[in-house]
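Structure first, commentary second.
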Number of protein chains: 2
Amino acid sequence: MQAPPAAVSALPERSRATKQRLLDAAERLFAERGFEGTSLRAVTQAAGASVSAANYHFGSKESLLRATLLRRVEPVNRRRLERLDELERGAGGAPLAVEAILDAFFRPTIEVRSASAEGAAQYRQVAARLYSDPPEIVSALARDLFRPIRDRFVVALARALPQRGHDEILVALHFTVGVMVHVIAGHLDPPPADDGAAVRLSDEALLRRLVAYTAAGVRACGAGA
Amino acid sequence: MQAPPAAVSALPERSRATKQRLLDAAERLFAERGFEGTSLRAVTQAAGASVSAANYHFGSKESLLRATLLRRVEPVNRRRLERLDELERGAGGAPLAVEAILDAFFRPTIEVRSASAEGAAQYRQVAARLYSDPPEIVSALARDLFRPIRDRFVVALARALPQRGHDEILVALHFTVGVMVHVIAGHLDPPPADDGAAVRLSDEALLRRLVAYTAAGVRACGAGA
DNA sequence: GTATGTTTCAAACGATCGTTCGAATTCGTC
DNA sequence: GACGAATTCGAACGATCGTTTGAAACATAC
């Protein structure tokens, strides 16, 4: 019963590789079949490791899920805050445009989407599952991870729309998150084709439409309420 | 190995009640814990029936899920088409306003939400799971159930926005579905509270904001693309 | 009451689940 | 090469899974 190592970077190469492979396999399978629908054995088999190796590194299946989610969501959220900080520094105290704020919100997820790293390509489903999976661990994690992001963007939007109340901003941002989740969930990537052909959008085109749609929505939401 | 009865309404009362209780319990538990996360025994125990009763009526756990989803989604989708037909008949050939179309799209789900029937209160999560659960049965069912709805609303929106291309409408409607899914998933109902208090919206207020947000988004999406 | 078909149940089946344990292997360091 | 620590593994544990089975309980018609 050894304690799992603290930091990944300070480990022997063999351990690091196994841990990495386990995370990759878990990410793919959890995204494809969900948490409850994926057995630990399926993960370890796909990773070319043993069940005990997984429990040695992560302690439990639940902790493996948590590590899987954290690995992807953390950098995206950090990038969101960085972009917003950049924009606000550049504006020199003036409120930002709604479009700029939403660009900072959406761009990091789209960037990950287009990143060539094969692992990152599955970020969509991982993040989407954050908002739909039933296990308490997931929803709690989603709250904890997303709360600071949301609060930060609510403040920025409130400054951009001084005539709006706090609650109105909150509801509008909630709608916006819905758009984001649905898009990164991949329901668009092979989007609902009509005649069999898929609507393939470049990342920039998708981002532009996302910002246009949600910015107009945010501006309009609460206008008549 | 008897074949399950065809129609519910033409059955003895005992059987009908059991089948109903099983559907109610399955709906609640599937919504709370997901499909894979819910055991058939948990469902039957909550319904006060035996596992064999469930398999007698539905044949398998998967068919029970299908029946559970169908019971709620079918009437809502029918209502959507009815509303849209009503509006178009009333307009006498003229294109509808985007707001009217989206009202027809959102209102049925909100109506279910506010229906006092305790079972219908869980429709949100059931429908939301349609778009996020991994089992192939669910996503396939979602496609089959939603495809006619989507096609019908795309046509209506294309008439309302003649300058938009078909693909643009499709993407905008996709974003709109994301808003709907996220809202009925209940991520708003006990909405992200900031200071501990919840943003409680009346159904009419929620509907008004939904329509305002998505109508502005649909109008704006593709404008600059 | 008897006969017939429907509905329900308790019990058991084989399979698979997450986790644990002790031994075997490998690594970092001398 | 040798030693202690870190890592991996195969095997097994107990629990739970979805499904099946055969008989009991029920309704309905004669």
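Just remember, in the structure tokens the first chain shown is A, the second B, etc., residues are 1-based per chain, and ligands are 1-based in the order shown.
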Write out as a CSV table (one decimal) with C-alpha atoms (C1' of nucleotides), in the first residue's frame every residue belonging to chain C that has an atom at most 10 Å from any atom of chain A, counting only C-alpha atoms (C1' of nucleotides).
chain,number,residue,atom,x,y,z
C,16,DT,C1',-18.5,-8.5,-14.8
C,17,DC,C1',-17.7,-5.0,-11.6
C,18,DG,C1',-14.1,-2.1,-8.4
C,19,DT,C1',-10.8,-3.3,-5.2
C,20,DT,C1',-7.1,-5.7,-2.7
C,21,DC,C1',-3.0,-8.5,-1.9
C,26,DT,C1',12.2,-2.6,-12.6
C,27,DC,C1',14.4,1.8,-11.2
C,28,DG,C1',17.7,4.9,-8.9
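The protein and nucleic acid residues lying at most 6 Å from Cys221 in chain A are Gly217, Val218, Arg219 and Ala223 of chain A; Arg209, Ala212 and Tyr213 of chain B, with only C-alpha atoms (C1' of nucleotides) considered and sequence neighbours fewer than 2 positions away removed.
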message: Please report the interatomic distance between C1' of DA12 in chain D and CA of Thr18 in chain A in Å with one decimal.
response: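 These two atoms are separated by 23.9 Å.
Pairwise distance (CA of Asp151 in chain A, CA of His174 in chain A) equals 11.6 Å.
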task: May I ask you to extract the residues of chain D within 9 Å of chain A, using only C-alpha atoms (C1' of nucleotides), and to give them as an MDAnalysis selection string?
output: chainID D and resid 6:10
Every residue of range 14-61 of chain A that DSSP places in helix (DSSP H, G or I), as a count of residues only: 37
message: When you look at Glu27 in chain B with a cut-off of 7 Å (counting only C-alpha atoms (C1' of nucleotides)), what residues show up, excluding the ones that are within fewer than 3 positions of it in the same chain? I need them as a list in words.
response: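 Listing them by chain and then by number gives Leu23, Asp24, Phe30, Ala31, Thr68 and Val126 of chain B.
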- request: For chain A, work out the contacting residues on chain B at 6 Å, counting only C-alpha atoms, and write them as a list of chain:residue names.
  value: B:Arg33, B:Gly34, B:Glu36, B:Gly37, B:Pro134, B:Phe175, B:Gly178, B:Val179, B:His182, B:Arg209, B:Ala212, B:Tyr213, B:Thr214, B:Ala216, B:Gly217, B:Ala220, B:Cys221
field: Pairwise distance for CA of Thr44 in chain B and CA of Arg21 in chain B, rounded to one decimal in Å
entry: 8.8 Å
Test item: residues at most 7 Å from range 89-101 of chain A, only C-alpha atoms (C1' of nucleotides), excluding those fewer than 4 positions along its chain, as a PyMOL selection string: chain A and resi 84-85+105+157+159-160+211+215
